[in-house]
Each structure stands twice: as structure tokens, then as C-alpha cells.
$ cat upload.tsv   # TSV, C-alpha atoms
chain	number	residue	atom	x	y	z
A	1	MET	CA	-7.44	-5.36	26.70
A	2	LEU	CA	-8.43	-4.83	23.07
A	3	PRO	CA	-7.51	-1.48	21.52
A	4	PHE	CA	-10.92	-1.44	19.76
A	5	ALA	CA	-14.13	-3.39	20.26
A	6	ASN	CA	-16.17	-2.29	17.20
A	7	ILE	CA	-14.31	-1.90	13.93
A	8	ALA	CA	-15.80	-0.52	10.72
A	9	LEU	CA	-13.98	-1.40	7.51
A	10	ILE	CA	-14.88	0.86	4.60
A	11	GLY	CA	-13.64	-0.86	1.45
A	12	LEU	CA	-13.39	-4.66	1.37
A	13	GLY	CA	-10.70	-5.39	-1.20
A	14	LEU	CA	-7.30	-6.97	-0.54
A	15	ILE	CA	-6.33	-4.75	2.40
A	16	GLY	CA	-9.78	-4.43	3.97
A	17	SER	CA	-10.45	-8.16	3.79
A	18	SER	CA	-6.95	-8.96	5.09
A	19	ILE	CA	-7.53	-6.66	8.07
A	20	ALA	CA	-10.79	-8.50	8.76
A	21	HIS	CA	-9.10	-11.91	8.64
A	22	ALA	CA	-6.24	-10.66	10.84
A	23	VAL	CA	-8.66	-9.19	13.38
A	24	ARG	CA	-10.52	-12.49	13.46
A	25	ASP	CA	-7.26	-14.24	14.38
A	26	ALA	CA	-5.79	-11.68	16.78
A	27	MET	CA	-8.90	-10.08	18.32
A	28	PRO	CA	-11.69	-12.65	17.94
A	29	THR	CA	-14.10	-10.81	20.26
A	30	ALA	CA	-13.95	-7.57	18.27
A	31	ARG	CA	-17.01	-6.90	16.12
A	32	ILE	CA	-16.37	-6.13	12.44
A	33	THR	CA	-18.82	-4.19	10.29
A	34	GLY	CA	-17.98	-3.80	6.62
A	35	PHE	CA	-19.06	-1.66	3.72
A	36	ASP	CA	-18.07	-1.54	0.07
A	37	SER	CA	-19.57	0.65	-2.64
A	38	ASP	CA	-19.77	-2.35	-5.00
A	39	PRO	CA	-22.90	-4.45	-4.27
A	40	ASP	CA	-21.24	-7.52	-5.80
A	41	VAL	CA	-18.37	-7.18	-3.33
A	42	ARG	CA	-20.81	-6.83	-0.43
A	43	ALA	CA	-22.60	-9.99	-1.54
A	44	ARG	CA	-19.32	-11.88	-1.82
A	45	VAL	CA	-18.22	-10.75	1.66
A	46	LEU	CA	-21.46	-12.08	3.09
A	47	GLU	CA	-20.68	-15.43	1.45
A	48	LEU	CA	-17.11	-15.45	2.79
A	49	GLY	CA	-18.28	-14.45	6.26
A	50	PHE	CA	-15.27	-12.49	7.50
A	51	CYS	CA	-17.46	-9.57	8.68
A	52	ASP	CA	-20.08	-9.80	11.42
A	53	ASP	CA	-22.29	-7.46	9.39
A	54	VAL	CA	-22.16	-5.84	5.96
A	55	SER	CA	-23.97	-2.53	5.59
A	56	ASP	CA	-25.58	-1.15	2.47
A	57	ALA	CA	-24.41	2.40	3.30
A	58	ALA	CA	-21.12	3.74	4.62
A	59	GLY	CA	-22.86	5.80	7.30
A	60	ALA	CA	-24.69	2.78	8.68
A	61	ALA	CA	-21.39	0.89	8.97
A	62	VAL	CA	-19.80	3.44	11.32
A	63	ILE	CA	-22.68	4.17	13.72
A	64	ASP	CA	-21.33	2.04	16.60
A	65	ALA	CA	-17.64	2.01	15.62
A	66	ASP	CA	-14.76	3.01	17.85
A	67	LEU	CA	-12.34	2.53	14.92
A	68	VAL	CA	-13.20	3.40	11.33
A	69	MET	CA	-10.62	2.13	8.86
A	70	LEU	CA	-10.88	3.63	5.37
A	71	CYS	CA	-9.59	1.03	2.89
A	72	VAL	CA	-10.53	2.89	-0.29
A	73	PRO	CA	-8.35	4.44	-3.02
A	74	VAL	CA	-6.84	7.74	-1.86
A	75	GLY	CA	-8.82	9.62	-4.51
A	76	ALA	CA	-12.06	8.49	-2.85
A	77	MET	CA	-11.18	9.68	0.67
A	78	THR	CA	-13.03	13.00	0.47
A	79	ASP	CA	-16.26	11.46	-0.82
A	80	ILE	CA	-16.31	8.59	1.65
A	81	ALA	CA	-15.49	10.89	4.58
A	82	SER	CA	-18.41	13.11	3.60
A	83	GLU	CA	-20.70	10.07	3.46
A	84	ILE	CA	-19.93	9.02	7.04
A	85	ALA	CA	-19.70	12.50	8.59
A	86	THR	CA	-23.21	12.68	10.07
A	87	ASP	CA	-23.14	9.12	11.49
A	88	LEU	CA	-19.60	9.12	12.86
A	89	PRO	CA	-19.49	8.78	16.68
A	90	ASP	CA	-17.67	11.62	18.44
A	91	ASP	CA	-15.27	9.23	20.16
A	92	ALA	CA	-14.42	7.14	17.08
A	93	ILE	CA	-10.90	7.18	15.67
A	94	ILE	CA	-10.56	7.53	11.90
A	95	SER	CA	-7.65	5.82	10.19
A	96	ASP	CA	-6.83	4.64	6.68
A	97	VAL	CA	-4.44	2.45	4.68
A	98	GLY	CA	-3.57	4.82	1.83
A	99	SER	CA	-0.16	4.80	0.14
A	100	SER	CA	0.11	8.61	0.15
A	101	LYS	CA	-0.41	10.41	3.43
A	102	GLU	CA	-0.21	14.21	3.15
A	103	SER	CA	-3.12	14.42	0.70
A	104	VAL	CA	-5.17	11.95	2.78
A	105	LEU	CA	-4.63	13.89	6.00
A	106	THR	CA	-5.67	17.11	4.25
A	107	ALA	CA	-8.78	15.51	2.71
A	108	LEU	CA	-9.94	13.90	5.95
A	109	THR	CA	-9.30	17.01	8.03
A	110	ARG	CA	-11.36	19.14	5.66
A	111	ALA	CA	-14.24	16.67	5.47
A	112	LEU	CA	-14.18	15.75	9.18
A	113	PRO	CA	-12.77	18.80	11.01
A	114	LYS	CA	-13.73	17.54	14.49
A	115	ALA	CA	-12.72	13.90	14.00
A	116	ARG	CA	-9.85	12.09	15.71
A	117	ILE	CA	-7.72	11.26	12.66
A	118	ILE	CA	-4.68	8.94	12.78
A	119	PRO	CA	-3.58	8.13	9.19
A	120	ALA	CA	-1.57	4.96	8.60
A	121	HIS	CA	-0.04	3.00	5.76
A	122	PRO	CA	0.57	-0.75	6.04
A	123	VAL	CA	3.41	-1.36	3.58
A	124	ALA	CA	2.11	-4.72	2.45
A	125	GLY	CA	0.18	-6.11	-0.47
A	126	THR	CA	0.10	-8.45	-3.42
A	127	GLU	CA	-0.81	-8.01	-7.07
A	128	HIS	CA	-4.25	-9.50	-6.34
A	129	SER	CA	-7.34	-7.51	-5.44
A	130	GLY	CA	-10.88	-8.05	-4.22
A	131	PRO	CA	-12.36	-9.69	-1.11
A	132	ASP	CA	-11.17	-13.17	-2.08
A	133	ALA	CA	-7.55	-11.99	-2.09
A	134	GLY	CA	-7.31	-11.18	1.62
A	135	PHE	CA	-5.48	-13.35	4.16
A	136	ALA	CA	-4.68	-12.97	7.84
A	137	THR	CA	-0.87	-13.02	7.63
A	138	LEU	CA	-0.51	-10.21	5.09
A	139	PHE	CA	0.85	-7.79	7.70
A	140	HIS	CA	3.13	-10.16	9.61
A	141	ASP	CA	6.62	-8.65	9.99
A	142	ARG	CA	5.77	-5.86	7.55
A	143	TRP	CA	5.95	-2.17	8.38
A	144	CYS	CA	2.95	0.00	9.11
A	145	ILE	CA	3.82	3.71	8.98
A	146	MET	CA	1.60	5.98	11.06
A	147	THR	CA	1.52	9.70	10.23
A	148	PRO	CA	-0.57	11.36	12.96
A	149	PRO	CA	-1.02	15.15	12.89
A	150	GLN	CA	0.68	17.19	15.62
A	151	SER	CA	-2.70	17.76	17.25
A	152	ALA	CA	-3.38	14.03	17.69
A	153	ALA	CA	-3.80	12.73	21.24
A	154	GLU	CA	-1.07	10.38	22.46
A	155	GLY	CA	-3.72	7.94	23.63
A	156	ASP	CA	-5.25	7.74	20.14
A	157	ILE	CA	-1.83	7.16	18.58
A	158	ALA	CA	-1.11	4.40	21.10
A	159	ARG	CA	-4.40	2.61	20.38
A	160	VAL	CA	-3.84	2.58	16.60
A	161	ARG	CA	-0.25	1.42	17.14
A	162	ALA	CA	-1.50	-1.41	19.38
A	163	PHE	CA	-4.06	-2.38	16.72
A	164	TRP	CA	-1.43	-2.82	14.02
A	165	GLU	CA	0.98	-4.58	16.34
A	166	LYS	CA	-1.72	-7.11	17.21
A	167	LEU	CA	-2.08	-7.73	13.46
A	168	GLY	CA	1.62	-8.63	13.35
A	169	ALA	CA	3.01	-5.40	11.88
A	170	ASN	CA	6.07	-3.41	12.92
A	171	VAL	CA	5.04	0.21	13.50
A	172	GLU	CA	6.93	3.39	12.64
A	173	ILE	CA	5.72	6.95	13.21
A	174	MET	CA	6.68	9.48	10.55
A	175	ASP	CA	5.81	12.94	9.28
A	176	ALA	CA	3.29	12.70	6.43
A	177	LYS	CA	5.39	14.68	3.94
A	178	HIS	CA	8.50	12.62	4.71
A	179	HIS	CA	6.47	9.42	4.31
A	180	ASP	CA	5.39	10.50	0.83
A	181	LEU	CA	8.99	11.17	-0.21
A	182	VAL	CA	10.22	7.82	1.13
A	183	LEU	CA	7.40	5.87	-0.50
A	184	ALA	CA	7.93	7.70	-3.78
A	185	VAL	CA	11.37	6.07	-3.86
A	186	THR	CA	10.56	2.64	-2.46
A	187	SER	CA	7.12	1.99	-3.96
A	188	HIS	CA	5.64	4.60	-6.26
A	189	LEU	CA	8.57	5.04	-8.66
A	190	PRO	CA	9.15	1.25	-8.98
A	191	HIS	CA	5.47	0.81	-9.87
A	192	LEU	CA	5.68	3.62	-12.41
A	193	ILE	CA	8.75	2.01	-14.00
A	194	ALA	CA	7.06	-1.40	-14.04
A	195	TYR	CA	3.95	-0.02	-15.73
A	196	THR	CA	6.17	1.68	-18.32
A	197	ILE	CA	8.31	-1.39	-19.09
A	198	VAL	CA	5.34	-3.71	-19.39
A	199	GLY	CA	3.58	-1.14	-21.56
A	200	THR	CA	6.62	-0.93	-23.84
A	201	ALA	CA	6.77	-4.72	-24.08
A	202	SER	CA	3.08	-4.78	-24.95
A	203	ASP	CA	3.70	-2.34	-27.79
A	204	LEU	CA	6.47	-4.62	-29.09
A	205	GLU	CA	4.37	-7.79	-29.04
A	206	ASP	CA	3.38	-7.51	-32.69
A	207	VAL	CA	6.97	-6.72	-33.73
A	208	THR	CA	8.39	-9.73	-31.88
A	209	ARG	CA	5.51	-12.04	-32.83
A	210	GLY	CA	4.71	-12.93	-29.23
A	211	GLU	CA	8.28	-13.66	-28.14
A	212	VAL	CA	8.23	-11.04	-25.36
A	213	ILE	CA	5.64	-13.09	-23.52
A	214	LYS	CA	6.92	-16.51	-24.56
A	215	TYR	CA	10.51	-15.94	-23.47
A	216	SER	CA	9.90	-13.76	-20.42
A	217	ALA	CA	12.82	-14.04	-18.02
A	218	GLY	CA	12.59	-13.53	-14.27
A	219	GLY	CA	13.16	-9.78	-14.45
A	220	PHE	CA	10.28	-9.13	-16.82
A	221	ARG	CA	8.02	-11.52	-14.91
A	222	ASP	CA	8.71	-9.53	-11.73
A	223	PHE	CA	7.76	-6.32	-13.51
A	224	THR	CA	4.50	-7.84	-14.74
A	225	ARG	CA	3.63	-8.87	-11.16
A	226	ILE	CA	4.06	-5.27	-9.98
A	227	ALA	CA	2.22	-3.90	-13.01
A	228	ALA	CA	-0.74	-6.18	-12.28
A	229	SER	CA	-1.61	-4.10	-9.19
A	230	ASP	CA	-4.99	-2.41	-8.89
A	231	PRO	CA	-5.18	0.35	-11.56
A	232	THR	CA	-7.62	2.58	-9.68
A	233	MET	CA	-5.48	2.58	-6.55
A	234	TRP	CA	-2.28	3.39	-8.40
A	235	ARG	CA	-3.85	6.08	-10.56
A	236	ASP	CA	-4.91	7.82	-7.36
A	237	VAL	CA	-1.52	7.31	-5.70
A	238	PHE	CA	0.38	8.96	-8.53
A	239	LEU	CA	-2.00	11.92	-8.68
A	240	SER	CA	-2.16	12.41	-4.92
A	241	ASN	CA	1.62	12.19	-4.45
A	242	LYS	CA	2.60	13.87	-7.70
A	243	ASP	CA	5.20	16.27	-6.25
A	244	ALA	CA	7.29	13.57	-4.59
A	245	VAL	CA	6.87	11.18	-7.52
A	246	LEU	CA	7.94	13.80	-10.06
A	247	GLU	CA	10.94	14.72	-7.91
A	248	MET	CA	12.08	11.10	-7.74
A	249	LEU	CA	11.32	10.57	-11.42
A	250	GLN	CA	13.58	13.49	-12.31
A	251	ARG	CA	16.39	12.02	-10.19
A	252	PHE	CA	15.87	8.62	-11.79
A	253	SER	CA	15.98	10.17	-15.28
A	254	GLU	CA	19.32	11.80	-14.47
A	255	ASP	CA	20.74	8.51	-13.15
A	256	LEU	CA	19.42	6.69	-16.22
A	257	SER	CA	21.16	9.19	-18.49
A	258	ALA	CA	24.43	8.59	-16.64
A	259	LEU	CA	23.98	4.84	-17.11
A	260	GLN	CA	23.27	5.38	-20.79
A	261	ARG	CA	26.55	7.31	-21.15
A	262	ALA	CA	28.49	4.60	-19.33
A	263	ILE	CA	27.20	1.96	-21.75
A	264	ARG	CA	27.80	4.15	-24.82
A	265	TRP	CA	31.41	4.91	-23.86
A	266	ASP	CA	32.26	1.37	-22.68
A	267	LYS	CA	32.83	2.43	-19.07
A	268	GLY	CA	32.79	-1.05	-17.63
A	269	ASP	CA	34.21	0.00	-14.26
A	270	GLU	CA	31.32	2.40	-13.68
A	271	LEU	CA	28.79	-0.29	-14.55
A	272	PHE	CA	30.51	-2.83	-12.29
A	273	ASP	CA	30.60	-0.37	-9.36
A	274	LEU	CA	26.90	0.43	-9.76
A	275	PHE	CA	25.85	-3.20	-10.00
A	276	THR	CA	27.99	-4.09	-6.96
A	277	LYS	CA	26.32	-1.35	-4.90
A	278	THR	CA	22.81	-2.37	-5.90
A	279	ARG	CA	23.56	-6.02	-5.16
A	280	ALA	CA	24.58	-5.02	-1.63
A	281	ILE	CA	21.27	-3.19	-1.16
A	282	ARG	CA	19.39	-6.35	-2.12
A	283	ARG	CA	21.31	-8.31	0.50
A	284	ARG	CA	20.51	-5.70	3.15
A	285	ILE	CA	16.79	-5.95	2.34
A	286	ILE	CA	16.90	-9.71	2.92
A	287	GLU	CA	18.93	-9.25	6.14
A	288	GLU	CA	16.29	-6.81	7.41
A	289	GLY	CA	13.64	-9.49	6.92
A	290	GLN	CA	11.82	-7.53	4.22
A	291	ASP	CA	12.02	-10.30	1.63
A	292	ASP	CA	12.15	-14.07	1.52
A	293	ALA	CA	13.27	-16.57	-1.07
A	294	ALA	CA	9.92	-18.34	-0.83
A	295	PRO	CA	7.04	-17.16	-3.07
A	296	ASP	CA	4.89	-14.27	-1.84
A	297	PHE	CA	7.28	-13.24	0.93
A	298	GLY	CA	7.04	-16.73	2.40
A	299	ARG	CA	3.53	-16.09	3.65
A	300	THR	CA	0.87	-18.73	3.94
A	301	HIS	CA	-2.69	-18.05	2.85
A	302	GLU	CA	-5.08	-19.47	5.40
$ encode --input "upload.tsv" --output "C-alpha cells"
Amino acid sequence: MLPFANIALIGLGLIGSSIAHAVRDAMPTARITGFDSDPDVRARVLELGFCDDVSDAAGAAVIDADLVMLCVPVGAMTDIASEIATDLPDDAIISDVGSSKESVLTALTRALPKARIIPAHPVAGTEHSGPDAGFATLFHDRWCIMTPPQSAAEGDIARVRAFWEKLGANVEIMDAKHHDLVLAVTSHLPHLIAYTIVGTASDLEDVTRGEVIKYSAGGFRDFTRIAASDPTMWRDVFLSNKDAVLEMLQRFSEDLSALQRAIRWDKGDELFDLFTKTRAIRRRIIEEGQDDAAPDFGRTHE
């Protein structure tokens, strides 16, 4: 039995389009209705054909839905929830894919006080964006963290869990505030550092006469891949999860100062111990199946 028969996808970029492709593969009888605020995106989705219907208004997209998945930047959650409020069926479940959860849960609860809200965060993505970037295997063997409120019905939680599992994801349930702290360490801070390093390199381009780009080693190339992520999405993530990000940034600044002192005072043993510990963490990530030596996590793009 399918967890949902009529799925509305609001936002048809990388994640929204990947959900559509994955649903097509895993739940081919489910009906998909899409909406995106950008008319050019809507036109492109019609050409690509991964939705059964593409609506010109968010409200029209949700009229018959039993699952409404909000795939918009977290800063747009309040506005889009208000747009669908009058057309949302009473029995529909509202979920999302945002990278910060406490602010999303608050925004959706205020805008849709009677709705059945089950926030979620598929921890998956690439540096690409837009409807052409989506592919069905994006969520395979990746984690999807669900952060349902205490008032959520167990049946609703089970249905959203089953949905993500059918898309190939591993599911974890977590408190929203704890999720935001964990993701501040594992995702948000690394993106902030990447944006900073690439920005610094850009400022040095004139000084080095183009050599920063020409002689980019693997480390810098990896940073540029992260820093190529969607700017609107990441602006909203940092603002919506500012408390956790600032807390982790302070901790990082303290650790960076300690590293600076170790280099200044030739404390080679301290440097060696740190690098040994971080190397072990990398190996554990690979052992846990959360990375692959092949490009793009070893995923194929059908």
C-alpha cells in the first residue's frame, strides 16, 4: 500500500525534482502535482514531464493532495504556507525538506495552526540547482531526519517515514532543536567556511594574477564545489539557524586559535595528533557508507 496517493511538490528545484523522479520510480501510481513560483521553471518542468500536472498557483496544487511537500528555501516557508492555507485539505499532511527545522516548525505552525505538520530534512544534495538537476537516486542510502512535534499523530509520522524509505533514504527521528545543532556542525558551518575561503581566494585573484584558479589543488576545488550551492537557500539557512551556527562558529574560532598557536610555537606533536584524529573521522564516514570514492557519492544520474 502506498503511503500517499496524491503528492503536491511546492518548489521544483534540485530536491523537488529529485523527489518527483524518485516517486516515479518507487511509487509509479502516485499522482504528482507541482508548483514553482518561477514561470520559467514551471515551463521547463512541463517539458521534462516528471509531474502529472503543474499548477500556476500554490493553492491549486494542493487541492487534492494527501501529502504536501514544501521544497522552498526556509525563509519562504511562512509566505508559501499562507498561500496554500485556504485550499489545503483537512486530512493532508504537510512536510518540508528544509535544512533548519525549529524555525520551519514555528513558521508552519503559526501559518497553519490546524494542519498535520511533520517536518523533515533529507540530508542529500549536490552543488547544482534547478529542475534539470534532479535525479531519482539522490536519496539512496542517505539520511532523512524527521522532526515531528510532540502533538503529531503516530500514524502521520509512520506514513512520512514510509514515504522516505520508499525513496531509498534511511530515516532518523530527532528533536528539532537538536537537529539544528547537529546540522550546524556537519553542514552549516562547513558551508560557511567554504564560502569564506573561496571569497578570500577571489579577493586574492588580482594579487596572484590568476594563479589561485589555475593551480587549484583538490582541497580548494572541494571548497568551490560546496560554495557553488544555491545562494538563496544558504542565506536563509544561516539566518534561520543563527543561534546554533553562531555557537558552532565560536567553538571553531577557539579551535582555530589553538591551531594557530601550535603552528607559531612549532608544536609538531599537537599538529600530528590533531591530523591523526581527523583522518580517523574521515575513515569512519566512509565505513558508515556516507561517502564513496566515486564522483558524486557514486550515484548514477538516470
$ closest_residue --input "upload.tsv" --among "A:Ala244, A:Val45, A:Ile15, A:Ile157" --to "A:Val123" --atoms "only C-alpha atoms"
A:Ile15
$ residues_around --input "upload.tsv" --residues "stretch 69-81 of chain A" --least-positions-apart "3" --cutoff "8 Å" --atoms "all atoms listed in the file" --output "PDB file with C-alpha atoms, keeping the file's coordinate frame"
ATOM      1  CA  ILE A   7     -14.310  -1.900  13.930  1.00  0.00           C
ATOM      2  CA  ALA A   8     -15.800  -0.520  10.720  1.00  0.00           C
ATOM      3  CA  LEU A   9     -13.980  -1.400   7.510  1.00  0.00           C
ATOM      4  CA  ILE A  10     -14.880   0.860   4.600  1.00  0.00           C
ATOM      5  CA  GLY A  11     -13.640  -0.860   1.450  1.00  0.00           C
ATOM      6  CA  LEU A  12     -13.390  -4.660   1.370  1.00  0.00           C
ATOM      7  CA  GLY A  13     -10.700  -5.390  -1.200  1.00  0.00           C
ATOM      8  CA  ILE A  15      -6.330  -4.750   2.400  1.00  0.00           C
ATOM      9  CA  GLY A  16      -9.780  -4.430   3.970  1.00  0.00           C
ATOM     10  CA  ALA A  58     -21.120   3.740   4.620  1.00  0.00           C
ATOM     11  CA  ILE A  84     -19.930   9.020   7.040  1.00  0.00           C
ATOM     12  CA  ALA A  85     -19.700  12.500   8.590  1.00  0.00           C
ATOM     13  CA  ILE A  94     -10.560   7.530  11.900  1.00  0.00           C
ATOM     14  CA  SER A  95      -7.650   5.820  10.190  1.00  0.00           C
ATOM     15  CA  ASP A  96      -6.830   4.640   6.680  1.00  0.00           C
ATOM     16  CA  VAL A  97      -4.440   2.450   4.680  1.00  0.00           C
ATOM     17  CA  GLY A  98      -3.570   4.820   1.830  1.00  0.00           C
ATOM     18  CA  SER A  99      -0.160   4.800   0.140  1.00  0.00           C
ATOM     19  CA  SER A 100       0.110   8.610   0.150  1.00  0.00           C
ATOM     20  CA  VAL A 104      -5.170  11.950   2.780  1.00  0.00           C
ATOM     21  CA  ALA A 107      -8.780  15.510   2.710  1.00  0.00           C
ATOM     22  CA  LEU A 108      -9.940  13.900   5.950  1.00  0.00           C
ATOM     23  CA  ALA A 111     -14.240  16.670   5.470  1.00  0.00           C
ATOM     24  CA  LEU A 112     -14.180  15.750   9.180  1.00  0.00           C
ATOM     25  CA  THR A 232      -7.620   2.580  -9.680  1.00  0.00           C
ATOM     26  CA  MET A 233      -5.480   2.580  -6.550  1.00  0.00           C
ATOM     27  CA  ASP A 236      -4.910   7.820  -7.360  1.00  0.00           C
ATOM     28  CA  VAL A 237      -1.520   7.310  -5.700  1.00  0.00           C
ATOM     29  CA  SER A 240      -2.160  12.410  -4.920  1.00  0.00           C
TER      30      SER A 240
END
$ atom_distance --input "upload.tsv" --atom1 "atom CA of A:Phe272" --atom2 "atom CA of A:Tyr195"
26.9 Å
$ closest_residue --input "upload.tsv" --among "A:Leu14, A:Ile93, A:Arg235, A:Val160" --to "A:Ala133" --atoms "all atoms listed in the file"
A:Leu14
$ closest_residue --input "upload.tsv" --among "A:Ala60, A:Met27, A:Met146, A:Ala262" --to "A:His178" --atoms "only C-alpha atoms"
A:Met146
$ residues_around --input "upload.tsv" --residues "A:Ala227" --least-positions-apart "5" --cutoff "9 Å" --atoms "all atoms listed in the file" --output "ChimeraX atom specification"
/A:127,191-198,222
$ write_last_selection --input "upload.tsv" --atoms "C-alpha atoms" --output "PDB file, keeping the file's coordinate frame"
ATOM      1  CA  GLU A 127      -0.810  -8.010  -7.070  1.00  0.00           C
ATOM      2  CA  HIS A 191       5.470   0.810  -9.870  1.00  0.00           C
ATOM      3  CA  LEU A 192       5.680   3.620 -12.410  1.00  0.00           C
ATOM      4  CA  ILE A 193       8.750   2.010 -14.000  1.00  0.00           C
ATOM      5  CA  ALA A 194       7.060  -1.400 -14.040  1.00  0.00           C
ATOM      6  CA  TYR A 195       3.950  -0.020 -15.730  1.00  0.00           C
ATOM      7  CA  THR A 196       6.170   1.680 -18.320  1.00  0.00           C
ATOM      8  CA  ILE A 197       8.310  -1.390 -19.090  1.00  0.00           C
ATOM      9  CA  VAL A 198       5.340  -3.710 -19.390  1.00  0.00           C
ATOM     10  CA  ASP A 222       8.710  -9.530 -11.730  1.00  0.00           C
TER      11      ASP A 222
END
$ atom_distance --input "upload.tsv" --atom1 "atom CA of A:Ser151" --atom2 "atom CA of A:Lys166"
24.9 Å
$ closest_residue --input "upload.tsv" --among "A:Ala258, A:Leu67, A:Ala20, A:Lys114" --to "A:Glu270" --atoms "only C-alpha atoms"
A:Ala258
$ atom_distance --input "upload.tsv" --atom1 "atom CA of A:Leu249" --atom2 "atom CA of A:Arg282"
20.9 Å
